[in-house]
>>> print(open('run_20.txt').read())   # compact mmCIF, C-alpha atoms
# COMPACT_ATOMS: atom_id res chain seq x y z
CA MET H 19 115.28 140.97 61.35
CA ASN H 20 118.52 142.52 62.42
CA THR H 21 121.63 140.62 63.49
CA THR H 22 120.89 140.92 67.20
CA GLU H 23 117.43 139.48 66.71
CA ALA H 24 118.83 136.72 64.52
CA LYS H 25 121.42 135.82 67.17
CA PHE H 26 118.76 135.81 69.86
CA ILE H 27 116.85 133.19 67.92
CA LEU H 28 119.80 131.21 66.64
CA GLN H 29 121.38 130.83 70.06
CA ALA H 30 118.30 128.75 70.88
CA ARG H 31 118.77 126.46 67.87
CA ARG H 32 119.60 123.05 69.18
CA PRO H 33 122.71 121.34 67.85
CA ASP H 34 120.83 118.35 66.48
CA GLY H 35 118.98 120.58 64.01
CA ARG H 36 115.53 119.62 65.23
CA ASP H 37 114.47 123.26 65.28
CA ASP H 38 115.35 124.08 61.68
CA ALA H 39 111.86 123.43 60.38
CA ASP H 40 110.38 125.84 62.89
CA PRO H 41 109.45 129.06 61.01
CA ARG H 42 110.89 131.11 63.87
CA PHE H 43 114.30 129.63 63.17
CA ALA H 44 114.00 129.34 59.41
CA GLU H 45 114.16 133.08 58.81
CA ALA H 46 117.14 133.54 61.13
CA LEU H 47 118.94 130.64 59.48
CA GLU H 48 118.33 132.17 56.08
CA GLN H 49 119.86 135.38 57.31
CA ALA H 50 122.90 133.47 58.58
CA ARG H 51 123.34 131.99 55.12
CA ARG H 52 123.48 135.48 53.66
CA ASP H 53 125.67 137.01 56.39
CA PRO H 54 129.14 135.39 56.66
CA SER H 55 129.92 136.94 60.04
CA LEU H 56 126.60 135.72 61.42
CA ALA H 57 127.27 132.30 59.92
CA GLU H 58 130.68 132.22 61.58
CA TRP H 59 129.13 133.22 64.91
CA LEU H 60 126.48 130.52 64.51
CA ALA H 61 129.08 127.87 63.74
CA ARG H 62 130.99 128.74 66.91
CA GLU H 63 127.80 128.81 68.93
CA GLN H 64 126.65 125.48 67.59
CA ALA H 65 130.01 123.87 68.21
CA PHE H 66 129.97 125.14 71.78
CA ASP H 67 126.42 123.91 72.33
CA ALA H 68 127.20 120.52 70.82
CA THR H 69 130.18 120.17 73.11
CA VAL H 70 128.27 121.11 76.25
CA ALA H 71 125.38 118.86 75.25
CA GLY H 72 127.81 116.01 74.67
CA LYS H 73 129.45 116.57 78.04
CA LEU H 74 126.10 116.66 79.77
CA ARG H 75 124.95 113.52 78.05
CA SER H 76 128.14 111.74 78.99
CA VAL H 77 127.24 112.03 82.65
CA GLN H 78 126.16 108.60 83.75
CA PRO H 79 123.76 108.02 86.62
CA PRO H 80 125.39 106.41 89.66
CA ALA H 81 125.54 102.66 89.64
CA GLY H 82 122.53 101.17 91.33
CA LEU H 83 120.19 104.10 90.69
CA ARG H 84 118.12 102.10 88.23
CA GLU H 85 117.74 99.22 90.64
CA ALA H 86 116.93 101.65 93.47
CA ILE H 87 114.19 103.26 91.38
CA LEU H 88 112.67 99.90 90.49
CA ALA H 89 112.88 98.61 94.04
CA GLY H 90 111.55 101.84 95.49
CA ALA H 91 108.63 101.97 93.11
CA ARG H 92 107.87 98.34 93.80
CA MET H 93 107.73 99.07 97.51
CA SER H 94 105.75 102.23 97.03
CA ARG H 95 103.32 101.31 94.31
CA PRO H 96 99.73 101.82 95.37
CA VAL H 97 98.34 98.83 97.11
CA PRO H 98 94.90 97.73 95.89
CA PHE H 99 92.35 98.29 98.62
CA TRP H 100 91.93 94.58 99.04
CA ARG H 101 95.66 94.22 99.74
CA ARG H 102 95.89 96.99 102.30
CA PRO H 103 96.99 95.81 105.73
CA GLN H 104 93.77 96.93 107.40
CA VAL H 105 91.65 95.08 104.87
CA LEU H 106 93.88 92.03 105.02
CA ALA H 107 93.72 92.07 108.80
CA LEU H 108 89.95 92.34 108.71
CA ALA H 109 89.70 89.54 106.16
CA ALA H 110 92.04 87.40 108.24
CA SER H 111 89.94 88.07 111.34
CA VAL H 112 86.76 87.12 109.53
CA ALA H 113 88.43 84.01 108.14
CA ILE H 114 89.64 83.03 111.60
CA ILE H 115 86.22 83.58 113.11
CA VAL H 116 84.50 81.62 110.36
CA GLY H 117 87.13 78.91 110.62
CA LEU H 118 86.73 78.70 114.37
CA MET H 119 82.99 78.51 114.01
CA ALA H 120 83.30 75.76 111.44
CA ALA H 121 85.91 73.89 113.43
CA TRP H 122 84.35 74.44 116.83
CA PRO H 123 82.67 71.05 116.99
CA VAL H 124 86.07 69.48 116.37
CA MET H 125 88.16 71.86 118.43
CA ARG H 126 85.88 72.11 121.41
CA PRO H 127 87.35 70.32 124.40
CA ALA H 128 85.85 66.92 124.79
CA GLY H 129 83.34 66.50 127.59
CA GLY H 130 83.72 63.80 130.21
CA VAL H 131 81.85 60.53 130.17
CA ASP H 132 80.32 61.62 133.47
CA GLN H 133 78.65 64.46 131.65
CA LEU H 134 77.34 62.06 129.05
CA ALA H 135 75.95 59.68 131.66
CA LEU H 136 74.24 62.35 133.70
CA GLU H 137 72.78 64.09 130.69
CA VAL H 138 71.35 60.95 129.13
CA MET H 139 69.89 59.85 132.46
CA SER H 140 68.10 63.19 132.63
CA GLU H 141 67.05 62.71 129.03
CA VAL H 142 65.50 59.33 129.79
CA ASN H 143 63.53 60.94 132.60
CA SER H 144 62.31 63.77 130.45
CA GLY H 145 59.02 63.99 128.68
CA ALA H 146 60.79 64.64 125.41
CA HIS H 147 62.33 61.23 125.55
CA HIS H 148 59.01 59.52 126.16
CA ASP H 149 57.51 61.36 123.27
CA ALA H 150 60.24 60.15 120.93
CA MET H 151 60.87 56.68 122.22
CA PRO H 152 62.92 55.58 119.19
CA GLN H 153 63.11 51.88 118.73
CA ALA H 154 65.88 49.89 117.13
CA ARG H 155 65.03 48.54 113.75
CA GLY H 156 66.24 45.84 111.43
CA ALA H 157 69.57 44.17 112.13
CA LEU H 158 70.26 46.52 115.01
CA ARG H 159 67.03 45.54 116.68
CA THR H 160 67.84 41.87 116.15
CA LEU H 161 71.24 42.34 117.68
CA LEU H 162 70.14 44.38 120.67
CA THR H 163 67.11 42.36 121.61
CA ASP H 164 69.01 39.08 121.45
CA SER H 165 69.56 38.11 125.07
CA GLY H 166 72.81 36.49 124.12
CA THR H 167 74.35 39.66 122.78
CA ARG H 168 76.82 41.34 125.11
CA LEU H 169 77.50 44.97 124.49
CA ALA H 170 80.79 45.38 126.36
CA ALA H 171 82.67 45.07 123.08
CA GLY H 172 80.47 47.77 121.56
CA VAL H 173 77.93 47.85 118.81
CA PRO H 174 79.11 46.74 115.36
CA PHE H 175 77.31 49.49 113.50
CA ASP H 176 78.65 52.67 112.06
CA PHE H 177 77.62 55.90 113.78
CA ASP H 178 76.73 57.71 110.58
CA LEU H 179 74.82 54.75 109.17
CA LEU H 180 72.80 54.52 112.36
CA LYS H 181 72.04 58.17 112.18
CA ALA H 182 71.02 57.84 108.56
CA SER H 183 68.80 54.88 109.40
CA GLY H 184 66.67 57.05 111.62
CA CYS H 185 68.19 56.81 115.06
CA ARG H 186 67.29 59.78 117.22
CA SER H 187 70.07 62.29 117.48
CA LEU H 188 70.57 64.74 120.32
CA ARG H 189 73.36 67.05 121.36
CA ILE H 190 75.09 66.88 124.67
CA GLY H 191 77.77 69.46 125.37
CA GLY H 192 77.59 70.36 121.70
CA ARG H 193 78.41 66.79 120.69
CA GLU H 194 76.18 64.57 118.72
CA VAL H 195 74.79 61.55 120.53
CA LEU H 196 72.57 58.82 119.03
CA GLU H 197 69.88 57.11 120.98
CA VAL H 198 68.50 53.62 120.45
CA CYS H 199 65.93 51.98 122.71
CA PHE H 200 65.39 48.26 122.98
CA ALA H 201 63.83 45.74 125.30
CA ARG H 202 64.93 42.46 126.66
CA THR H 203 63.74 41.50 130.14
CA ALA H 204 63.67 45.22 130.74
CA GLU H 205 63.64 48.36 128.71
CA PHE H 206 67.04 49.81 127.86
CA HIS H 207 68.14 53.09 126.34
CA LEU H 208 71.45 52.98 124.57
CA TYR H 209 73.33 56.21 123.83
CA MET H 210 76.28 56.26 121.50
CA ALA H 211 78.79 59.04 120.77
CA ARG H 212 82.09 59.32 119.02
CA ARG H 213 84.93 58.44 121.33
CA GLY H 214 86.83 61.68 120.82
CA ASP H 215 83.86 63.68 121.97
CA PHE H 216 83.91 62.43 125.57
CA ARG H 217 86.89 61.67 127.74
CA GLY H 218 86.95 58.47 129.74
CA ASP H 219 89.31 55.67 130.70
CA GLY H 220 87.22 53.03 128.90
CA LYS H 221 86.34 50.95 131.95
CA PRO H 222 82.59 50.40 132.55
CA MET H 223 81.35 52.93 135.06
CA PHE H 224 78.05 52.31 136.79
CA ARG H 225 75.91 55.02 138.22
CA GLU H 226 72.54 55.08 140.00
CA ARG H 227 70.25 58.05 140.43
CA ASP H 228 66.55 58.54 140.96
CA ALA H 229 65.68 54.91 140.36
CA GLN H 230 67.77 54.93 137.24
CA ALA H 231 70.94 53.04 136.63
CA SER H 232 73.48 53.65 133.92
CA VAL H 233 76.72 52.23 132.75
CA THR H 234 79.19 54.03 130.51
CA TRP H 235 82.00 52.35 128.61
CA THR H 236 83.97 52.70 125.41
CA ASP H 237 85.31 50.67 122.56
CA ALA H 238 87.83 51.70 119.94
CA ARG H 239 85.46 54.11 118.19
CA TYR H 240 82.59 55.04 120.41
CA VAL H 241 81.45 55.90 123.90
CA TYR H 242 78.28 54.20 125.12
CA THR H 243 75.89 54.83 127.95
CA LEU H 244 73.16 52.35 128.67
CA VAL H 245 70.30 53.47 130.92
CA THR H 246 67.54 51.45 132.54
CA HIS H 247 65.12 51.66 135.40
CA GLU H 248 65.80 48.06 136.37
CA GLY H 249 68.97 48.61 138.29
CA VAL H 250 72.65 47.89 137.88
CA GLU H 251 72.18 44.14 137.77
CA ALA H 252 70.09 44.42 134.62
CA LEU H 253 72.84 46.44 133.04
CA GLN H 254 75.45 43.90 134.01
CA ASN H 255 73.43 41.19 132.27
CA VAL H 256 73.49 43.14 129.03
CA LEU H 257 77.07 44.23 129.29
CA MET S 1 106.70 95.47 88.99
CA ASP S 2 105.48 95.19 85.43
CA ASP S 3 107.65 95.27 82.35
CA THR S 4 106.18 98.56 81.18
CA PHE S 5 107.48 100.40 84.20
CA THR S 6 110.90 98.78 83.87
CA GLN S 7 111.06 99.82 80.21
CA LEU S 8 110.06 103.34 81.14
CA VAL S 9 112.82 103.53 83.75
CA ASP S 10 115.36 102.13 81.33
CA ALA S 11 114.38 104.67 78.67
CA TYR S 12 114.32 107.80 80.83
CA TYR S 13 116.16 107.45 84.09
CA ALA S 14 119.46 108.70 82.68
CA PRO S 15 118.15 111.99 81.18
CA VAL S 16 115.91 112.48 84.19
CA TYR S 17 118.91 112.07 86.46
CA ARG S 18 120.93 114.55 84.41
CA PHE S 19 118.18 117.10 84.70
CA ALA S 20 117.94 116.40 88.42
CA LEU S 21 121.68 116.79 88.78
CA SER S 22 121.56 120.24 87.22
CA LEU S 23 118.87 121.26 89.70
CA ALA S 24 120.02 119.56 92.86
CA ARG S 25 123.71 120.33 92.48
CA ASN S 26 124.84 117.08 94.08
CA SER S 27 124.50 113.48 93.08
CA ALA S 28 122.74 112.26 96.21
CA ASP S 29 119.99 114.83 95.96
CA ALA S 30 119.73 114.19 92.23
CA CYS S 31 119.23 110.50 92.90
CA ASP S 32 116.53 111.31 95.45
CA LEU S 33 114.78 113.59 93.00
CA THR S 34 114.99 110.99 90.25
CA GLN S 35 113.60 108.29 92.49
CA GLN S 36 110.86 110.58 93.72
CA THR S 37 109.91 111.37 90.13
CA PHE S 38 109.54 107.72 89.23
CA TYR S 39 107.73 107.08 92.48
CA VAL S 40 105.18 109.71 91.49
CA TRP S 41 104.91 108.02 88.13
CA ALA S 42 104.37 104.65 89.77
CA THR S 43 101.54 106.06 91.84
CA LYS S 44 99.95 108.54 89.46
CA GLY S 45 101.42 107.94 86.03
CA SER S 46 98.59 105.71 84.93
CA ALA S 47 96.42 108.83 84.77
CA LEU S 48 98.48 110.05 81.79
CA ARG S 49 96.60 108.97 78.70
CA ASP S 50 98.95 110.35 76.02
CA GLY S 51 101.92 108.02 75.86
CA SER S 52 103.93 110.51 73.80
CA LYS S 53 103.97 112.90 76.75
CA VAL S 54 105.75 110.60 79.16
CA LYS S 55 109.07 112.39 78.86
CA THR S 56 107.50 115.78 79.38
CA TRP S 57 105.49 114.42 82.29
CA LEU S 58 108.62 113.10 83.95
CA PHE S 59 110.61 116.31 83.51
CA THR S 60 107.69 118.42 84.64
CA THR S 61 107.12 116.23 87.67
CA LEU S 62 110.77 116.33 88.57
CA TYR S 63 110.84 120.10 88.35
CA ARG S 64 107.73 120.41 90.48
CA GLU S 65 109.12 118.00 93.02
CA PHE S 66 112.28 120.06 93.12
CA LEU S 67 110.33 123.24 93.71
CA ARG S 68 108.12 121.56 96.29
CA GLY S 69 111.11 120.19 98.13
CA ARG S 70 112.65 123.56 98.65
CA ARG S 71 111.99 125.27 101.88
CA ARG S 72 109.16 127.68 101.83
CA GLY S 73 110.33 131.23 101.89
CA ALA S 74 113.46 130.44 99.96
CA ARG S 75 114.77 133.22 97.86
CA ILE S 76 112.65 133.73 94.82
CA THR S 77 114.66 135.37 92.14
CA ALA S 78 113.00 138.14 90.25
CA LEU S 79 114.11 137.76 86.70
CA GLU S 80 114.35 141.46 86.12
CA ASP S 81 116.89 141.66 88.95
CA LEU S 82 119.17 139.12 87.41
CA PRO S 83 122.20 140.25 85.48
CA SER S 84 121.62 140.43 81.81
CA GLY S 85 123.43 138.00 79.60
CA GLY S 86 124.01 140.75 77.15
CA GLU S 87 122.67 140.99 73.69
CA ASP S 88 125.80 139.75 72.08
CA PRO S 89 127.68 137.49 74.48
CA PRO S 90 131.37 137.07 73.90
CA ALA S 91 132.22 134.13 71.75
CA VAL S 92 133.73 131.27 73.66
CA GLU S 93 135.91 128.82 71.90
CA ARG S 94 134.52 125.35 71.69
CA ASP S 95 137.78 124.05 73.13
CA LEU S 96 136.96 125.70 76.42
CA ALA S 97 134.29 123.12 77.11
CA LEU S 98 135.79 120.43 74.90
CA ASN S 99 138.92 120.12 76.98
CA MET S 100 137.04 120.10 80.26
CA ASP S 101 136.02 117.08 82.19
CA ALA S 102 132.26 116.46 82.00
CA GLN S 103 132.04 116.89 85.74
CA LEU S 104 133.48 120.39 85.49
CA VAL S 105 130.99 121.28 82.78
CA VAL S 106 128.16 120.03 84.98
CA GLU S 107 129.53 122.02 87.90
CA ALA S 108 129.63 125.11 85.71
CA LEU S 109 126.06 124.47 84.68
CA GLN S 110 125.10 124.16 88.32
CA GLU S 111 126.45 127.64 88.96
CA VAL S 112 123.95 129.15 86.56
CA ASP S 113 121.00 130.78 88.26
CA GLU S 114 118.18 128.33 88.64
CA ALA S 115 115.73 130.33 86.59
CA PHE S 116 118.10 130.05 83.63
CA ARG S 117 119.54 126.67 84.49
CA VAL S 118 116.30 124.76 84.00
CA PRO S 119 115.68 125.81 80.39
CA LEU S 120 119.39 125.62 79.67
CA THR S 121 119.61 122.04 80.85
CA LEU S 122 116.49 121.05 78.95
CA PHE S 123 117.99 122.77 75.91
CA TYR S 124 121.16 120.70 76.13
CA LEU S 125 119.37 117.47 76.90
CA GLU S 126 117.48 118.03 73.62
CA ASP S 127 114.66 115.91 74.93
CA LEU S 128 111.74 118.30 74.81
CA PRO S 129 110.25 120.55 72.14
CA TYR S 130 110.32 124.24 73.00
CA GLN S 131 106.61 124.35 73.51
CA GLU S 132 106.86 121.62 76.13
CA ILE S 133 109.74 123.38 77.85
CA ALA S 134 107.58 126.49 77.90
CA ASP S 135 104.68 124.52 79.29
CA LEU S 136 106.89 123.00 81.93
CA LEU S 137 108.09 126.41 83.08
CA GLU S 138 104.66 127.93 82.52
CA VAL S 139 106.11 130.78 80.48
CA PRO S 140 105.89 131.76 76.80
CA ILE S 141 108.42 130.37 74.33
CA GLY S 142 109.96 133.82 73.96
CA THR S 143 110.72 133.84 77.67
CA VAL S 144 112.32 130.41 77.36
CA MET S 145 114.64 131.78 74.67
CA SER S 146 115.42 134.82 76.72
CA ARG S 147 116.31 132.72 79.74
CA LEU S 148 118.32 130.45 77.51
CA SER S 149 120.34 133.37 76.28
CA ARG S 150 121.07 134.59 79.78
CA GLY S 151 121.78 131.07 80.98
CA LYS S 152 124.34 130.54 78.25
CA ALA S 153 126.06 133.76 79.18
CA GLN S 154 126.31 132.63 82.78
CA LEU S 155 127.51 129.20 81.72
CA ARG S 156 130.28 130.72 79.62
CA ALA S 157 131.34 132.86 82.53
CA ALA S 158 131.38 129.85 84.84
CA LEU S 159 133.37 127.79 82.36
CA THR S 160 135.90 130.57 81.92
CA HIS S 161 136.22 130.88 85.68
CA LYS S 162 136.76 127.16 86.08
CA GLU S 163 139.32 127.07 83.32
CA THR S 164 141.22 129.91 84.90
CA ALA S 165 141.08 128.25 88.30
CA SER S 166 142.36 125.00 86.89
CA LYS S 167 145.39 126.79 85.50
CA VAL S 168 146.38 128.20 88.87
CA ILE S 169 149.25 126.21 90.19
CA PRO S 170 149.64 126.40 93.95
CA PHE S 171 152.83 128.18 94.95
CA PRO S 172 155.20 125.69 96.45
CA PHE S 173 156.14 126.97 99.88
CA SER S 174 159.81 126.64 100.57
CA GLN S 175 160.65 124.42 103.43
CA ARG S 176 162.45 126.13 106.22
CA LYS S 177 165.09 124.40 108.01
CA THR S 178 164.59 124.41 111.68
CA SER S 179 167.46 124.16 113.99
>>> encode(input="run_20.txt", output="structure tokens")
Amino acid sequence: MNTTEAKFILQARRPDGRDDADPRFAEALEQARRDPSLAEWLAREQAFDATVAGKLRSVQPPAGLREAILAGARMSRPVPFWRRPQVLALAASVAIIVGLMAAWPVMRPAGGVDQLALEVMSEVNSGAHHDAMPQARGALRTLLTDSGTRLAAGVPFDFDLLKASGCRSLRIGGREVLEVCFARTAEFHLYMARRGDFRGDGKPMFRERDAQASVTWTDARYVYTLVTHEGVEALQNVL
Amino acid sequence: MDDTFTQLVDAYYAPVYRFALSLARNSADACDLTQQTFYVWATKGSALRDGSKVKTWLFTTLYREFLRGRRRGARITALEDLPSGGEDPPAVERDLALNMDAQLVVEALQEVDEAFRVPLTLFYLEDLPYQEIADLLEVPIGTVMSRLSRGKAQLRAALTHKETASKVIPFPFSQRKTS
């Protein structure tokens, strides 16, 4: 290895000495140890390199760069597919639809008591009703068949308990309505719904149609419609 | 953002920025390059399985981002057309750089042709083994050393020029009296 070759290699020797173990440098370094002029050249070269390296390392990144990198990466990091806006929007849409479907019975605008009265009067006239003909049982039957019982104040039985006890349930305008039939001097068909499901001012409202008479009224919790074929007077006697 | 990424930024953002500064030639572009490099890491870095290669990965990514960011059709320097650094460059006293402000040294480095500046900067940052510098540049180690030699020659010339310029004192123009 001549001096030019040795210089070519040694100029690439890094000031921190990390390259000394590399065989490519070892031979050139050995030559520098034997050649004073080469050693002097190497010392100058290394001092220069150390100075430039030190200057370069003293350059500090601008204030805020670190925070900008972290913030930028945080904003830009890949979003899992399930957190992508399109997927989130789709999931939200599905959730809304499912929620609406679940809440529809509650959110649906209440029907009017007129609707309830007309529907149950049609029901009483229908063959389906005659096939079912549910009869009050137990305490409810005792209460309803007692000629002294007035129903204007409502029926003191819980809607869900009545349903559980076997009262016939039907849906009118999407709302659940219970039906109980009983007889006094005439046959009566009592329909009962939750008050929030049908709008009405609470005053008894009589209606006659096709030889049927009905009265609709409310108490604090429920809406009632009582139907009979015996006319309004029979209803007034029960109410 | 997880702690691992924060630790990675803390460990490498300064040398990455210095490398970017030598390439971009101004601080704003260097910051952009640095951020872009860590952005690429944040999105693709998890694919790197060898944790000891993080530094090399960052420098390589930065260099590629720099090259990608340049306009297509930009001048591509043919190495054989570049001026030779000479086989035995003139010795430059250490004081030449020692007495200079770091900013001036960086500016001098930025005047070195890009083909030489990249290995030269990596050489001074002392962060990568030669083989990894060679891999980064996709050239043999011998070529890295050759470019280093030429880069140093250009750096010396730039430093000398800057030192000379700094010694020039503007001639004070005499004030004319106007009547």
>>> closest_atom_pairs(input="run_20.txt", of="chain S", to="chain H", cutoff="9 Å", atoms="only C-alpha atoms", output="CSV")
residue,atom,partner,partner_atom,distance
S:Met1,CA,H:Arg92,CA,5.7
S:Phe5,CA,H:Leu88,CA,8.2
S:Thr6,CA,H:Leu88,CA,6.9
S:Val9,CA,H:Arg84,CA,7.1
S:Asp10,CA,H:Arg84,CA,7.4
S:Tyr13,CA,H:Arg84,CA,7.0
S:Ala14,CA,H:Pro79,CA,5.9
S:Pro15,CA,H:Arg75,CA,7.6
S:Tyr17,CA,H:Pro79,CA,6.3
S:Arg18,CA,H:Val77,CA,7.0
S:Ser27,CA,H:Pro80,CA,7.9
S:Cys31,CA,H:Leu83,CA,6.8
S:Thr34,CA,H:Ile87,CA,7.9
S:Gln35,CA,H:Ile87,CA,5.2
S:Gln36,CA,H:Ile87,CA,8.4
S:Phe38,CA,H:Ile87,CA,6.8
S:Tyr39,CA,H:Ala91,CA,5.2
S:Val40,CA,H:Ala91,CA,8.6
S:Trp41,CA,H:Ala91,CA,8.7
S:Ala42,CA,H:Arg95,CA,5.7
S:Thr43,CA,H:Arg95,CA,5.6
S:Lys44,CA,H:Pro96,CA,9.0
S:Glu87,CA,H:Thr22,CA,6.7
S:Asp88,CA,H:Thr22,CA,7.0
S:Ala91,CA,H:Arg62,CA,7.3
S:Val92,CA,H:Phe66,CA,7.4
S:Glu93,CA,H:Phe66,CA,7.0
S:Arg94,CA,H:Phe66,CA,4.6
S:Asp95,CA,H:Phe66,CA,8.0
S:Leu96,CA,H:Phe66,CA,8.4
S:Ala97,CA,H:Val70,CA,6.4
S:Leu98,CA,H:Thr69,CA,5.9
S:Met100,CA,H:Lys73,CA,8.7
S:Asp101,CA,H:Lys73,CA,7.8
S:Ala102,CA,H:Lys73,CA,4.9
S:Gln103,CA,H:Val77,CA,7.5
S:Val105,CA,H:Lys73,CA,6.9
S:Val106,CA,H:Leu74,CA,6.5
S:Thr121,CA,H:Leu74,CA,8.5
S:Phe123,CA,H:Arg32,CA,6.9
S:Tyr124,CA,H:Ala71,CA,4.7
S:Leu125,CA,H:Ala71,CA,6.4
S:Glu126,CA,H:Arg32,CA,7.0
S:Pro129,CA,H:Asp37,CA,8.5
S:Tyr130,CA,H:Asp37,CA,8.8
S:Val144,CA,H:Ala30,CA,9.0
S:Met145,CA,H:Ala30,CA,6.1
S:Ser146,CA,H:Phe26,CA,7.7
S:Leu148,CA,H:Ala30,CA,6.8
S:Ser149,CA,H:Gln29,CA,6.8
S:Lys152,CA,H:Gln29,CA,8.7
>>> residues_near_point(input="run_20.txt", point="(72.1, 48.5, 124.9)", cutoff="12 Å", atoms="all atoms listed in the file", output="PyMOL selection string")
chain H and resi 153-154+158-165+167-174+196-202+204-210+232-235+241-246+252-257
>>> closest_residue(input="run_20.txt", among="H:Ile114, H:Leu106, H:Val195, H:Leu180", to="Glu141 (chain H)", atoms="all atoms listed in the file")
H:Val195
>>> atom_distance(input="run_20.txt", atom1="CA of Val116 (chain H)", atom2="CA of Asp178 (chain H)")
25.1 Å
>>> axis_aligned_box(input="run_20.txt", around="region 193-199 of chain H", padding_each_side="4 Å", output="AutoDock Vina command-line options")
--center_x 72.2 --center_y 59.4 --center_z 120.7 --size_x 20.5 --size_y 22.8 --size_z 12.0
>>> closest_residue(input="run_20.txt", among="S:Leu33, S:Leu120, S:Leu155, S:Ala11", to="Leu67 (chain S)", atoms="all atoms listed in the file")
S:Leu33
>>> residues_around(input="run_20.txt", residues="region 115-117 of chain S", least_positions_apart="5", cutoff="8 Å", atoms="all atoms listed in the file", output="short mmCIF file (atom, residue, chain, number, x, y, z; two decimals) with C-alpha atoms, in the coordinates of the input")
data_model
loop_
_atom_site.label_atom_id
_atom_site.label_comp_id
_atom_site.auth_asym_id
_atom_site.auth_seq_id
_atom_site.Cartn_x
_atom_site.Cartn_y
_atom_site.Cartn_z
CA SER S 22 121.56 120.24 87.22
CA LEU S 23 118.87 121.26 89.70
CA THR S 77 114.66 135.37 92.14
CA LEU S 79 114.11 137.76 86.70
CA LEU S 109 126.06 124.47 84.68
CA GLN S 110 125.10 124.16 88.32
CA ARG S 147 116.31 132.72 79.74
CA LEU S 148 118.32 130.45 77.51
CA ARG S 150 121.07 134.59 79.78
CA GLY S 151 121.78 131.07 80.98
#
>>> atom_distance(input="run_20.txt", atom1="CA of Asn26 (chain S)", atom2="CA of Gly82 (chain H)")
16.3 Å
>>> closest_residue(input="run_20.txt", among="H:Ser144, H:Ala39, H:Ala24, H:Ala135", to="Arg51 (chain H)", atoms="only C-alpha atoms")
H:Ala24
>>> atom_distance(input="run_20.txt", atom1="CA of Glu111 (chain S)", atom2="CA of Gln131 (chain S)")
25.4 Å
>>> closest_residue(input="run_20.txt", among="S:Lys162, S:Lys53, S:Arg156, S:Arg25", to="Phe66 (chain S)", atoms="only C-alpha atoms")
S:Arg25
